[in-house]
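Pasted below: start02.txt, compact mmCIF, C-alpha atoms.
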# COMPACT_ATOMS: atom_id res chain seq x y z
CA MET A 7 -53.73 -82.96 34.63
CA ASN A 8 -56.15 -83.74 31.83
CA ARG A 9 -55.32 -83.83 28.18
CA ARG A 10 -56.56 -80.28 27.55
CA GLU A 11 -54.48 -78.87 30.40
CA LEU A 12 -51.45 -80.85 29.25
CA GLY A 13 -51.81 -79.46 25.75
CA ILE A 14 -51.98 -75.93 27.02
CA ALA A 15 -48.90 -76.42 29.20
CA THR A 16 -46.98 -78.01 26.38
CA GLY A 17 -47.89 -75.15 24.03
CA ALA A 18 -46.74 -72.60 26.56
CA VAL A 19 -43.39 -74.34 26.89
CA VAL A 20 -42.95 -74.37 23.12
CA VAL A 21 -43.77 -70.64 22.86
CA ILE A 22 -41.34 -69.77 25.62
CA ALA A 23 -38.66 -71.93 23.98
CA LEU A 24 -39.23 -70.21 20.65
CA ILE A 25 -38.96 -66.80 22.28
CA ILE A 26 -35.68 -67.76 23.93
CA VAL A 27 -34.31 -69.09 20.65
CA ALA A 28 -35.32 -65.88 18.89
CA ILE A 29 -33.65 -63.75 21.53
CA ILE A 30 -30.44 -65.78 21.31
CA ALA A 31 -30.48 -65.67 17.50
CA GLY A 32 -31.00 -61.92 17.52
CA ALA A 33 -28.15 -61.40 19.92
CA VAL A 34 -25.87 -63.57 17.81
CA TYR A 35 -26.82 -61.57 14.69
CA LEU A 36 -26.24 -58.25 16.36
CA THR A 37 -22.81 -59.28 17.58
CA THR A 38 -21.68 -60.97 14.40
CA ARG A 39 -23.13 -58.86 11.58
CA PRO A 40 -20.71 -56.50 9.78
CA LYS A 41 -20.61 -53.03 11.35
CA GLU A 42 -21.87 -50.20 9.23
CA GLU A 43 -18.95 -47.89 8.50
CA LYS A 44 -19.38 -44.19 7.82
CA PRO A 45 -17.90 -43.11 4.53
CA PRO A 46 -14.51 -41.45 5.07
CA LYS A 47 -14.58 -37.65 5.07
CA GLU A 48 -13.00 -36.19 1.97
CA VAL A 49 -9.53 -34.75 2.39
CA LEU A 50 -9.59 -31.01 2.97
CA ARG A 51 -8.42 -29.11 -0.11
CA ILE A 52 -6.76 -25.71 0.20
CA GLY A 53 -5.68 -23.48 -2.67
CA PHE A 54 -3.44 -20.42 -2.70
CA PRO A 55 -3.39 -18.41 -5.94
CA ILE A 56 -0.48 -15.98 -5.48
CA THR A 57 -0.42 -12.59 -7.16
CA THR A 58 3.37 -12.16 -7.10
CA LEU A 59 6.41 -14.44 -6.94
CA VAL A 60 6.28 -16.96 -4.11
CA GLU A 61 9.80 -15.78 -3.15
CA GLU A 62 8.34 -12.42 -2.12
CA PRO A 63 8.37 -12.45 1.72
CA TRP A 64 4.72 -11.58 2.39
CA VAL A 65 3.25 -14.43 0.37
CA GLY A 66 6.21 -16.59 1.35
CA VAL A 67 5.08 -16.47 4.99
CA ILE A 68 1.61 -17.72 4.05
CA HIS A 69 3.06 -20.41 1.78
CA LYS A 70 5.32 -21.65 4.59
CA ALA A 71 2.36 -21.98 6.97
CA LEU A 72 0.24 -23.83 4.41
CA LEU A 73 3.09 -26.26 3.74
CA LYS A 74 3.15 -26.95 7.47
CA ALA A 75 -0.63 -27.52 7.40
CA GLN A 76 -0.10 -30.03 4.61
CA SER A 77 2.27 -31.96 6.87
CA GLU A 78 0.32 -31.56 10.13
CA TYR A 79 -3.21 -32.18 8.84
CA GLY A 80 -2.68 -34.21 5.67
CA ILE A 81 -4.55 -31.66 3.57
CA VAL A 82 -4.23 -31.28 -0.17
CA TYR A 83 -2.44 -27.97 -0.77
CA GLU A 84 -1.95 -26.47 -4.22
CA TRP A 85 -0.66 -23.08 -5.29
CA THR A 86 0.52 -21.07 -8.26
CA ASP A 87 2.23 -17.68 -8.39
CA GLU A 88 2.64 -14.58 -10.59
CA ILE A 89 -1.09 -14.28 -11.27
CA GLY A 90 -1.36 -10.52 -10.77
CA TYR A 91 -4.24 -8.57 -9.29
CA ALA A 92 -5.97 -8.04 -12.64
CA ASP A 93 -6.47 -11.78 -13.12
CA LEU A 94 -6.97 -12.85 -9.50
CA PRO A 95 -10.80 -12.43 -9.37
CA ARG A 96 -11.14 -14.67 -12.45
CA VAL A 97 -8.78 -17.24 -10.94
CA LEU A 98 -10.76 -17.24 -7.68
CA ARG A 99 -13.86 -18.22 -9.68
CA GLU A 100 -11.98 -20.96 -11.51
CA TRP A 101 -10.50 -22.38 -8.31
CA ALA A 102 -13.59 -22.14 -6.08
CA PRO A 103 -15.26 -25.39 -7.29
CA LYS A 104 -12.04 -27.33 -6.62
CA TYR A 105 -11.21 -26.25 -3.06
CA ASP A 106 -12.76 -26.06 0.41
CA ILE A 107 -10.61 -23.11 1.52
CA ILE A 108 -8.87 -20.51 -0.63
CA PHE A 109 -6.24 -18.14 0.74
CA SER A 110 -5.46 -15.07 -1.36
CA ASP A 111 -3.91 -11.61 -1.31
CA VAL A 112 -6.54 -9.18 -2.62
CA PHE A 113 -5.06 -5.78 -1.73
CA GLY A 114 -5.06 -4.75 -5.38
CA CYS A 115 -8.56 -6.05 -6.22
CA GLU A 116 -10.56 -5.78 -3.00
CA ALA A 117 -14.04 -5.19 -4.49
CA SER A 118 -13.90 -7.63 -7.40
CA ALA A 119 -12.44 -10.40 -5.21
CA ARG A 120 -15.43 -10.13 -2.91
CA VAL A 121 -17.80 -10.31 -5.86
CA SER A 122 -16.14 -13.58 -6.90
CA ALA A 123 -16.44 -15.00 -3.37
CA LYS A 124 -20.13 -14.12 -3.15
CA ASP A 125 -20.98 -16.61 -5.88
CA PHE A 126 -19.48 -19.52 -3.90
CA PRO A 127 -21.03 -19.31 -0.40
CA ASN A 128 -19.91 -22.82 0.55
CA VAL A 129 -16.23 -22.07 -0.03
CA GLN A 130 -14.19 -20.51 2.76
CA PHE A 131 -12.24 -17.50 1.44
CA VAL A 132 -9.40 -16.18 3.63
CA MET A 133 -8.28 -12.88 2.13
CA GLY A 134 -5.22 -10.81 2.85
CA SER A 135 -7.03 -7.51 2.88
CA GLY A 136 -7.13 -3.98 4.21
CA LEU A 137 -10.93 -4.10 4.42
CA GLY A 138 -13.42 -6.09 6.47
CA PRO A 139 -14.93 -9.59 6.44
CA VAL A 140 -18.15 -10.39 4.55
CA GLU A 141 -20.86 -12.85 5.54
CA PRO A 142 -21.08 -15.73 5.08
CA ASN A 143 -17.69 -16.84 3.79
CA VAL A 144 -15.01 -14.12 3.66
CA ALA A 145 -12.54 -13.94 6.54
CA VAL A 146 -9.74 -11.37 6.35
CA PHE A 147 -6.22 -11.03 7.69
CA ASP A 148 -3.15 -8.84 7.45
CA ASP A 149 0.34 -8.80 8.92
CA TRP A 150 -0.21 -6.94 12.20
CA ILE A 151 3.47 -7.06 13.18
CA HIS A 152 3.75 -3.43 14.26
CA GLU A 153 4.69 -4.50 17.81
CA PRO A 154 8.11 -5.96 16.90
CA ALA A 155 8.54 -3.08 14.40
CA PHE A 156 8.21 -0.69 17.35
CA ILE A 157 10.87 -2.66 19.23
CA ILE A 158 13.39 -2.54 16.37
CA GLY A 159 12.80 1.21 16.19
CA ILE A 160 13.88 1.43 19.83
CA ILE A 161 17.04 -0.53 18.97
CA ALA A 162 17.74 1.64 15.91
CA GLY A 163 17.26 4.92 17.77
CA THR A 164 19.64 3.71 20.45
CA LEU A 165 22.39 2.36 18.17
CA THR A 166 22.60 5.18 15.62
CA GLU A 167 25.66 7.43 15.85
CA SER A 168 24.75 9.75 12.98
CA ASN A 169 21.19 10.21 14.27
CA VAL A 170 20.01 9.20 10.79
CA ILE A 171 18.27 5.87 10.22
CA GLY A 172 16.68 4.50 7.05
CA VAL A 173 13.91 2.26 5.77
CA VAL A 174 13.01 1.08 2.26
CA GLY A 175 9.41 -0.08 1.91
CA GLY A 176 7.38 -1.66 -0.86
CA VAL A 177 4.15 0.22 -1.46
CA PRO A 178 2.75 2.81 1.01
CA ILE A 179 -0.45 0.96 1.84
CA PRO A 180 -1.80 0.77 5.42
CA GLU A 181 -0.07 -2.49 6.37
CA VAL A 182 3.36 -1.21 5.29
CA ASN A 183 2.74 2.24 6.76
CA ARG A 184 1.94 0.63 10.13
CA LEU A 185 5.34 -1.04 10.25
CA VAL A 186 7.35 1.94 9.08
CA ASN A 187 5.57 4.35 11.44
CA ALA A 188 5.99 1.99 14.41
CA TYR A 189 9.72 1.78 13.60
CA ILE A 190 9.95 5.57 13.39
CA GLN A 191 8.03 6.15 16.62
CA GLY A 192 10.13 3.61 18.50
CA ALA A 193 13.31 5.33 17.35
CA LYS A 194 12.09 8.82 18.23
CA LEU A 195 10.83 7.66 21.61
CA VAL A 196 14.38 6.87 22.75
CA ASN A 197 16.16 9.44 20.57
CA PRO A 198 14.19 12.64 19.84
CA ASN A 199 17.07 13.87 17.66
CA VAL A 200 16.87 11.00 15.18
CA LYS A 201 16.02 11.72 11.52
CA VAL A 202 14.49 9.04 9.32
CA LYS A 203 14.99 8.50 5.58
CA VAL A 204 11.97 6.80 4.00
CA SER A 205 11.83 5.43 0.44
CA PHE A 206 9.15 3.36 -1.28
CA LEU A 207 9.76 1.00 -4.16
CA GLY A 208 6.26 1.34 -5.60
CA GLU A 209 5.98 -2.43 -6.06
CA TRP A 210 6.67 -5.54 -4.03
CA PHE A 211 9.68 -7.32 -5.44
CA ASP A 212 12.67 -5.69 -7.13
CA PRO A 213 15.79 -6.28 -5.00
CA PRO A 214 18.23 -4.46 -7.35
CA ARG A 215 16.11 -1.30 -7.24
CA VAL A 216 15.74 -1.57 -3.45
CA LYS A 217 19.50 -1.85 -3.19
CA GLU A 218 19.93 1.45 -5.04
CA LEU A 219 17.39 3.19 -2.80
CA ALA A 220 19.16 1.85 0.29
CA LEU A 221 22.58 2.93 -0.97
CA ALA A 222 21.21 6.44 -1.51
CA GLN A 223 20.04 6.55 2.12
CA ILE A 224 23.37 5.26 3.40
CA ARG A 225 25.21 7.90 1.37
CA ALA A 226 22.88 10.47 2.93
CA GLY A 227 24.07 9.45 6.40
CA ALA A 228 21.82 6.58 7.48
CA ASP A 229 23.85 4.23 9.67
CA VAL A 230 21.03 1.83 10.68
CA MET A 231 18.60 0.33 8.14
CA TYR A 232 15.24 -1.45 8.20
CA ALA A 233 14.84 -3.78 5.22
CA GLU A 234 11.09 -3.82 4.76
CA ARG A 235 11.88 -5.19 1.25
CA TYR A 236 14.62 -7.46 -0.08
CA GLY A 237 17.66 -5.62 -1.41
CA VAL A 238 18.70 -3.52 1.60
CA HIS A 239 20.90 -6.38 2.75
CA ASP A 240 22.81 -6.25 -0.53
CA ALA A 241 23.47 -2.54 -0.11
CA ALA A 242 24.76 -2.95 3.43
CA LEU A 243 27.01 -5.85 2.47
CA GLU A 244 28.41 -3.81 -0.40
CA VAL A 245 29.45 -0.87 1.78
CA LEU A 246 30.84 -3.28 4.36
CA THR A 247 33.06 -4.84 1.68
CA THR A 248 34.05 -1.70 -0.22
CA GLU A 249 34.15 0.90 2.55
CA ASN A 250 34.38 -1.17 5.76
CA LYS A 251 31.24 0.65 6.89
CA VAL A 252 29.14 -1.34 9.37
CA ILE A 253 25.38 -0.84 8.95
CA PRO A 254 23.22 -2.68 11.51
CA LEU A 255 20.17 -4.17 9.77
CA PHE A 256 16.67 -5.33 10.59
CA GLY A 257 14.87 -7.83 8.36
CA ASN A 258 11.12 -8.09 7.85
CA LEU A 259 8.36 -10.70 7.72
CA LEU A 260 10.77 -13.66 7.67
CA ASP A 261 13.74 -14.30 9.96
CA GLN A 262 16.39 -12.92 7.59
CA TRP A 263 19.60 -13.18 9.61
CA GLU A 264 21.14 -15.57 7.09
CA LEU A 265 20.98 -12.94 4.32
CA ALA A 266 23.69 -10.94 6.11
CA PRO A 267 24.72 -12.82 9.27
CA GLU A 268 27.21 -10.20 10.44
CA LEU A 269 24.74 -7.31 10.07
CA VAL A 270 21.12 -8.46 10.65
CA ILE A 271 20.31 -8.13 14.35
CA THR A 272 16.66 -9.18 14.28
CA GLY A 273 13.42 -7.86 12.75
CA PRO A 274 9.63 -8.12 12.82
CA GLU A 275 8.74 -11.71 11.98
CA TRP A 276 5.30 -12.79 10.82
CA ASP A 277 4.17 -16.33 11.62
CA MET A 278 0.95 -17.34 9.83
CA TRP A 279 0.80 -20.78 11.43
CA PRO A 280 -1.46 -19.74 14.37
CA LEU A 281 -3.94 -18.21 11.91
CA VAL A 282 -3.86 -21.09 9.42
CA LYS A 283 -4.30 -23.59 12.26
CA TYR A 284 -7.26 -21.62 13.63
CA VAL A 285 -8.95 -21.39 10.23
CA ILE A 286 -8.62 -25.11 9.49
CA GLU A 287 -9.79 -26.25 12.93
CA THR A 288 -12.69 -23.78 13.04
CA PHE A 289 -13.81 -24.76 9.54
CA GLU A 290 -13.78 -28.45 10.50
CA GLU A 291 -15.52 -27.87 13.85
CA ARG A 292 -18.32 -26.07 12.03
CA GLY A 293 -18.87 -29.08 9.79
CA ARG A 294 -16.99 -27.37 6.97
CA LYS A 295 -19.37 -24.44 7.05
CA PRO A 296 -17.62 -21.15 6.12
CA PHE A 297 -17.45 -18.17 8.45
CA ALA A 298 -16.76 -14.43 8.24
CA MET A 299 -14.25 -12.93 10.67
CA ASP A 300 -11.44 -10.41 11.03
CA LEU A 301 -8.47 -12.57 12.01
CA ALA A 302 -6.12 -9.68 12.91
CA GLU A 303 -5.38 -10.84 16.46
CA TRP A 304 -3.91 -14.13 15.19
CA THR A 305 -1.10 -12.15 13.54
CA MET A 306 -0.12 -10.20 16.66
CA MET A 307 2.30 -11.09 19.43
CA GLY A 308 -0.41 -12.21 21.86
CA LYS A 309 -1.44 -15.14 19.63
CA GLY A 310 2.08 -15.91 18.41
CA GLY A 311 1.59 -14.45 14.95
CA ALA A 312 4.15 -11.67 15.42
CA LYS A 313 7.64 -12.18 16.84
CA LEU A 314 10.99 -10.52 17.25
CA ALA A 315 13.00 -12.68 14.87
CA GLY A 316 15.49 -14.99 16.52
CA TYR A 317 14.51 -14.03 20.04
CA PRO A 318 15.52 -14.98 22.69
CA GLY A 319 18.99 -15.85 21.40
CA TRP A 320 19.08 -13.76 18.21
CA HIS A 321 21.02 -16.68 16.72
CA ASN A 322 24.06 -16.32 18.99
CA TYR A 323 24.36 -12.64 18.22
CA GLY A 324 27.45 -12.22 20.44
CA THR A 325 29.60 -14.34 18.14
CA ARG A 326 27.68 -13.92 14.89
CA LEU A 327 27.35 -10.17 14.46
CA HIS A 328 30.14 -7.76 13.57
CA PRO A 329 32.06 -6.86 16.76
CA ALA A 330 31.16 -3.18 16.36
CA ILE A 331 27.45 -4.04 16.53
CA VAL A 332 27.90 -6.46 19.44
CA GLN A 333 29.77 -3.78 21.38
CA LYS A 334 26.86 -1.36 20.95
CA LEU A 335 24.21 -3.94 21.85
CA ASN A 336 26.00 -4.98 25.02
CA LYS A 337 26.26 -1.51 26.51
CA THR A 338 23.93 -0.69 29.40
CA TYR A 339 21.05 1.58 28.40
CA THR A 340 18.08 3.17 30.09
CA VAL A 341 14.88 3.23 28.03
CA THR A 342 11.95 5.27 29.28
CA LEU A 343 8.55 4.57 27.78
CA THR A 344 5.96 7.31 28.17
CA PRO A 345 2.23 7.65 27.42
CA PRO A 346 0.48 6.85 25.08
CA TYR A 347 2.58 3.68 24.84
CA VAL A 348 2.14 2.99 28.56
CA ALA A 349 -0.30 4.15 31.24
CA GLU A 350 2.49 5.87 33.16
CA ASP A 351 6.23 6.26 32.67
CA MET A 352 8.07 2.94 32.58
CA VAL A 353 11.86 2.73 32.94
CA ILE A 354 13.71 -0.32 31.64
CA ARG A 355 17.46 -0.73 32.10
CA GLY A 356 19.96 -3.25 30.75
CA ASN A 357 21.77 -4.21 27.56
CA MET A 358 19.73 -3.93 24.40
CA HIS A 359 18.99 -7.66 24.20
CA ASP A 360 17.62 -7.73 27.75
CA ILE A 361 15.63 -4.54 27.21
CA CYS A 362 13.95 -6.15 24.20
CA GLY A 363 12.99 -9.15 26.32
CA LYS A 364 11.45 -6.95 29.00
CA ILE A 365 9.48 -4.97 26.40
CA ILE A 366 8.15 -8.21 24.89
CA ASP A 367 7.03 -9.35 28.35
CA GLU A 368 5.25 -6.04 28.94
CA ILE A 369 3.50 -6.16 25.54
CA LEU A 370 2.26 -9.70 26.23
CA ALA A 371 1.08 -8.59 29.67
CA GLY A 372 -0.87 -5.74 28.08
CA ARG A 373 1.14 -3.00 29.80
CA ILE A 374 2.77 -1.65 26.62
CA ARG A 375 0.74 -0.86 23.51
CA ALA A 376 2.65 -0.36 20.28
CA PRO A 377 1.41 2.48 18.05
CA ILE A 378 -0.85 1.93 15.05
CA ASP A 379 -0.42 4.72 12.52
CA GLU A 380 -1.41 4.02 8.92
CA THR A 381 -0.67 7.44 7.45
CA VAL A 382 1.98 7.56 4.71
CA PRO A 383 5.38 8.13 6.36
CA VAL A 384 7.77 10.67 4.85
CA SER A 385 11.43 11.43 5.28
CA ASP A 386 12.52 14.02 7.85
Would you mind giving the structure from this file in structure tokens?
Amino acid sequence: MNRRELGIATGAVVVIALIIVAIIAGAVYLTTRPKEEKPPKEVLRIGFPITTLVEEPWVGVIHKALLKAQSEYGIVYEWTDEIGYADLPRVLREWAPKYDIIFSDVFGCEASARVSAKDFPNVQFVMGSGLGPVEPNVAVFDDWIHEPAFIIGIIAGTLTESNVIGVVGGVPIPEVNRLVNAYIQGAKLVNPNVKVKVSFLGEWFDPPRVKELALAQIRAGADVMYAERYGVHDAALEVLTTENKVIPLFGNLLDQWELAPELVITGPEWDMWPLVKYVIETFEERGRKPFAMDLAEWTMMGKGGAKLAGYPGWHNYGTRLHPAIVQKLNKTYTVTLTPPYVAEDMVIRGNMHDICGKIIDEILAGRIRAPIDETVPVSD
């Protein structure tokens, strides 16, 4: 090999060596350099401006679910109550820049609330509403708990001895009317002779006034009561103490057996957790992009948003309730459901607790459809 050839060979070796060194150095750098970390996503912020007192059951159900979301998801949750419908649209505007999602009850300011939401298209508004959703950022919900209301009507129509049952409601708007009418239709399905006393408070939270309305119904012969509002329990406890009169009760929205343990059998219970969970997870999956949707089905029995309070055990009803109520519940009954609630006649037999369980199973299987009637109910 001459000198020129040797030089070329030597140069080639040097180049190859340099390439190898470079490759090794690059690999070392790639494996040892600090990893680039994505900035942490900001904590989700949810606000709930409440028009009435947070103790009022309807907003209390939402508040309970949002507190659970705070624990489950680590969100920031803030709320304030007693805002009133007149001020809510203004408050929505003030809160919108601070929150990713805002829950609200807009039944008394439907149009103006939507105007406020329109100016903040990147904020997810979830409105308790009797109207529809609005693109791009207004989802709506309501308490579609008419199915368990229908079931308690069946219990009431079966247990009454006077053939007079009562209900005291808040305000006769569609969501309340649905519950009261389902209760009435359930009672009349099993007892065509039943008469129903219906009173409306005209507002949402005034237990002393509700008590007086309930006492008036009891004095008029009602021997089973549906407490759509707080205060009916107080009336029933009073007549139990002063007159030894036993009035079976049904609560509403929340599981209210502790308000009168010896009298409250069960009641329509609203669970907002399935809806709140769906909203949060959908909002996150969409990259925190708002959506418009009617969320009604998440407040029905099929999605777990509506329940018969305390079922299946009704909080040990056999030892908890007044013996006179237990005796009635444990009798064997035959309940016949007819169209339009079912496709063809359906006969269910057993004690009242077991009948309720079978009706729940049939509703979940789609073979019983509870009535939806939003007309204003009136007393018989």
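Counting only C-alpha atoms and comparing A:Ala102, A:Ile56, A:Phe113, A:Gly372, the residue that lies closest to Ile89 of chain A is A:Ile56.
Distances here use all atoms listed in the file; by that measure, the residue among A:His328, A:His321, A:Lys217, A:Lys251 closest to Glu268 of chain A is A:His328.
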Closest atom pairs, residues of segment 137-173 of chain A within 8 Å of segment 177-185 of chain A, all atoms listed in the file, as a tab-separated table:
residue	atom	partner	partner_atom	distance
A:Asp148	CA	A:Glu181	CA	7.1
A:Asp149	CA	A:Glu181	CA	6.8
A:Trp150	CA	A:Glu181	CA	7.3
A:Ile151	CA	A:Leu185	CA	7.0
A:His152	CA	A:Leu185	CA	4.9
A:Ala155	CA	A:Leu185	CA	5.6
A:Phe156	CA	A:Leu185	CA	7.7
**Asked** Quick one: residues within 10 Å of Asp386 of chain A, only C-alpha atoms counted, chain neighbours fewer than 6 positions away excluded, as JSON, numbers by chain?
**Response** {"A": [170, 200, 201, 202, 203, 204]}
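Atom CA of Pro254 of chain A is positioned 24.2 Å from atom CA of Gly66 of chain A.
You will find atom CA of Ile171 of chain A at 17.4 Å from atom CA of Leu207 of chain A.
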The distance between atom CA of Pro154 of chain A and atom CA of Met299 of chain A is 24.2 Å
Using all atoms listed in the file, I'd like a table of the residues in segment 274-330 of chain A that come within 12 Å of segment 341-360 of chain A; for each, show the closest atom pair and its distance in Å rounded to one decimal, ordered by chain and ascending number, as JSON lines.
{"residue": "A:Leu314", "atom": "CA", "partner": "A:His359", "partner_atom": "CA", "distance": 11.0}
{"residue": "A:Gly316", "atom": "CA", "partner": "A:His359", "partner_atom": "CA", "distance": 11.2}
{"residue": "A:Tyr317", "atom": "CA", "partner": "A:His359", "partner_atom": "CA", "distance": 8.8}
{"residue": "A:Pro318", "atom": "CA", "partner": "A:His359", "partner_atom": "CA", "distance": 8.2}
{"residue": "A:Gly319", "atom": "CA", "partner": "A:His359", "partner_atom": "CA", "distance": 8.7}
{"residue": "A:Trp320", "atom": "CA", "partner": "A:His359", "partner_atom": "CA", "distance": 8.5}
{"residue": "A:His321", "atom": "CA", "partner": "A:His359", "partner_atom": "CA", "distance": 11.9}
{"residue": "A:Asn322", "atom": "CA", "partner": "A:His359", "partner_atom": "CA", "distance": 11.3}
{"residue": "A:Tyr323", "atom": "CA", "partner": "A:His359", "partner_atom": "CA", "distance": 9.5}
{"residue": "A:Gly324", "atom": "CA", "partner": "A:His359", "partner_atom": "CA", "distance": 10.3}
Name the residues in contact with Glu244 of chain A at a cut-off of 12 Å, using only C-alpha atoms, excluding same-chain residues fewer than 6 positions from it; report them as a count of residues only.
-> 13
Excluding Gly257 of chain A and residues on its chain fewer than 2 positions from it, collect all residues at most 12 Å away from it, counting all atoms listed in the file, and give them as a PDB file with C-alpha atoms, in the coordinates of the input.
ATOM      1  CA  PRO A  63       8.370 -12.450   1.720  1.00  0.00           C
ATOM      2  CA  PRO A 154       8.110  -5.960  16.900  1.00  0.00           C
ATOM      3  CA  ALA A 155       8.540  -3.080  14.400  1.00  0.00           C
ATOM      4  CA  ILE A 158      13.390  -2.540  16.370  1.00  0.00           C
ATOM      5  CA  VAL A 173      13.910   2.260   5.770  1.00  0.00           C
ATOM      6  CA  VAL A 174      13.010   1.080   2.260  1.00  0.00           C
ATOM      7  CA  GLY A 175       9.410  -0.080   1.910  1.00  0.00           C
ATOM      8  CA  LEU A 185       5.340  -1.040  10.250  1.00  0.00           C
ATOM      9  CA  VAL A 230      21.030   1.830  10.680  1.00  0.00           C
ATOM     10  CA  MET A 231      18.600   0.330   8.140  1.00  0.00           C
ATOM     11  CA  TYR A 232      15.240  -1.450   8.200  1.00  0.00           C
ATOM     12  CA  ALA A 233      14.840  -3.780   5.220  1.00  0.00           C
ATOM     13  CA  GLU A 234      11.090  -3.820   4.760  1.00  0.00           C
ATOM     14  CA  ARG A 235      11.880  -5.190   1.250  1.00  0.00           C
ATOM     15  CA  TYR A 236      14.620  -7.460  -0.080  1.00  0.00           C
ATOM     16  CA  GLY A 237      17.660  -5.620  -1.410  1.00  0.00           C
ATOM     17  CA  VAL A 238      18.700  -3.520   1.600  1.00  0.00           C
ATOM     18  CA  HIS A 239      20.900  -6.380   2.750  1.00  0.00           C
ATOM     19  CA  PRO A 254      23.220  -2.680  11.510  1.00  0.00           C
ATOM     20  CA  LEU A 255      20.170  -4.170   9.770  1.00  0.00           C
ATOM     21  CA  LEU A 259       8.360 -10.700   7.720  1.00  0.00           C
ATOM     22  CA  LEU A 260      10.770 -13.660   7.670  1.00  0.00           C
ATOM     23  CA  ASP A 261      13.740 -14.300   9.960  1.00  0.00           C
ATOM     24  CA  GLN A 262      16.390 -12.920   7.590  1.00  0.00           C
ATOM     25  CA  TRP A 263      19.600 -13.180   9.610  1.00  0.00           C
ATOM     26  CA  GLU A 264      21.140 -15.570   7.090  1.00  0.00           C
ATOM     27  CA  LEU A 265      20.980 -12.940   4.320  1.00  0.00           C
ATOM     28  CA  ALA A 266      23.690 -10.940   6.110  1.00  0.00           C
ATOM     29  CA  PRO A 267      24.720 -12.820   9.270  1.00  0.00           C
ATOM     30  CA  LEU A 269      24.740  -7.310  10.070  1.00  0.00           C
ATOM     31  CA  VAL A 270      21.120  -8.460  10.650  1.00  0.00           C
ATOM     32  CA  ILE A 271      20.310  -8.130  14.350  1.00  0.00           C
ATOM     33  CA  THR A 272      16.660  -9.180  14.280  1.00  0.00           C
ATOM     34  CA  GLY A 273      13.420  -7.860  12.750  1.00  0.00           C
ATOM     35  CA  PRO A 274       9.630  -8.120  12.820  1.00  0.00           C
ATOM     36  CA  GLU A 275       8.740 -11.710  11.980  1.00  0.00           C
ATOM     37  CA  TRP A 276       5.300 -12.790  10.820  1.00  0.00           C
ATOM     38  CA  LYS A 313       7.640 -12.180  16.840  1.00  0.00           C
ATOM     39  CA  LEU A 314      10.990 -10.520  17.250  1.00  0.00           C
ATOM     40  CA  ALA A 315      13.000 -12.680  14.870  1.00  0.00           C
ATOM     41  CA  GLY A 316      15.490 -14.990  16.520  1.00  0.00           C
TER      42      GLY A 316
END
Rebuild segment 171-183 of chain A so that it carries N, CA and C atoms, then output the result as a PDB file, in the coordinates of the input.
ATOM      1  N   ILE A 171      18.563   7.270  10.488  1.00  0.00           N
ATOM      2  CA  ILE A 171      18.270   5.870  10.220  1.00  0.00           C
ATOM      3  C   ILE A 171      17.417   5.792   8.956  1.00  0.00           C
ATOM      4  N   GLY A 172      17.385   4.624   8.320  1.00  0.00           N
ATOM      5  CA  GLY A 172      16.680   4.500   7.050  1.00  0.00           C
ATOM      6  C   GLY A 172      15.733   3.317   6.999  1.00  0.00           C
ATOM      7  N   VAL A 173      14.819   3.369   6.033  1.00  0.00           N
ATOM      8  CA  VAL A 173      13.910   2.260   5.770  1.00  0.00           C
ATOM      9  C   VAL A 173      13.484   2.333   4.308  1.00  0.00           C
ATOM     10  N   VAL A 174      13.517   1.179   3.630  1.00  0.00           N
ATOM     11  CA  VAL A 174      13.010   1.080   2.260  1.00  0.00           C
ATOM     12  C   VAL A 174      11.810   0.143   2.292  1.00  0.00           C
ATOM     13  N   GLY A 175      10.641   0.687   1.907  1.00  0.00           N
ATOM     14  CA  GLY A 175       9.410  -0.080   1.910  1.00  0.00           C
ATOM     15  C   GLY A 175       8.951  -0.431   0.509  1.00  0.00           C
ATOM     16  N   GLY A 176       7.930  -1.256   0.424  1.00  0.00           N
ATOM     17  CA  GLY A 176       7.380  -1.660  -0.860  1.00  0.00           C
ATOM     18  C   GLY A 176       6.440  -0.617  -1.419  1.00  0.00           C
ATOM     19  N   VAL A 177       5.189  -0.697  -1.005  1.00  0.00           N
ATOM     20  CA  VAL A 177       4.150   0.220  -1.460  1.00  0.00           C
ATOM     21  C   VAL A 177       3.525   0.854  -0.212  1.00  0.00           C
ATOM     22  N   PRO A 178       3.283   2.167  -0.198  1.00  0.00           N
ATOM     23  CA  PRO A 178       2.750   2.810   1.010  1.00  0.00           C
ATOM     24  C   PRO A 178       1.262   2.566   1.222  1.00  0.00           C
ATOM     25  N   ILE A 179       0.922   1.321   1.488  1.00  0.00           N
ATOM     26  CA  ILE A 179      -0.450   0.960   1.840  1.00  0.00           C
ATOM     27  C   ILE A 179      -0.505   0.818   3.364  1.00  0.00           C
ATOM     28  N   PRO A 180      -1.702   0.751   3.953  1.00  0.00           N
ATOM     29  CA  PRO A 180      -1.800   0.770   5.420  1.00  0.00           C
ATOM     30  C   PRO A 180      -0.918  -0.252   6.133  1.00  0.00           C
ATOM     31  N   GLU A 181      -0.843  -1.480   5.652  1.00  0.00           N
ATOM     32  CA  GLU A 181      -0.070  -2.490   6.370  1.00  0.00           C
ATOM     33  C   GLU A 181       1.417  -2.165   6.399  1.00  0.00           C
ATOM     34  N   VAL A 182       1.946  -1.606   5.315  1.00  0.00           N
ATOM     35  CA  VAL A 182       3.360  -1.210   5.290  1.00  0.00           C
ATOM     36  C   VAL A 182       3.556   0.052   6.122  1.00  0.00           C
ATOM     37  N   ASN A 183       2.640   1.001   5.990  1.00  0.00           N
ATOM     38  CA  ASN A 183       2.740   2.240   6.760  1.00  0.00           C
ATOM     39  C   ASN A 183       2.767   1.962   8.258  1.00  0.00           C
TER      40      ASN A 183
END
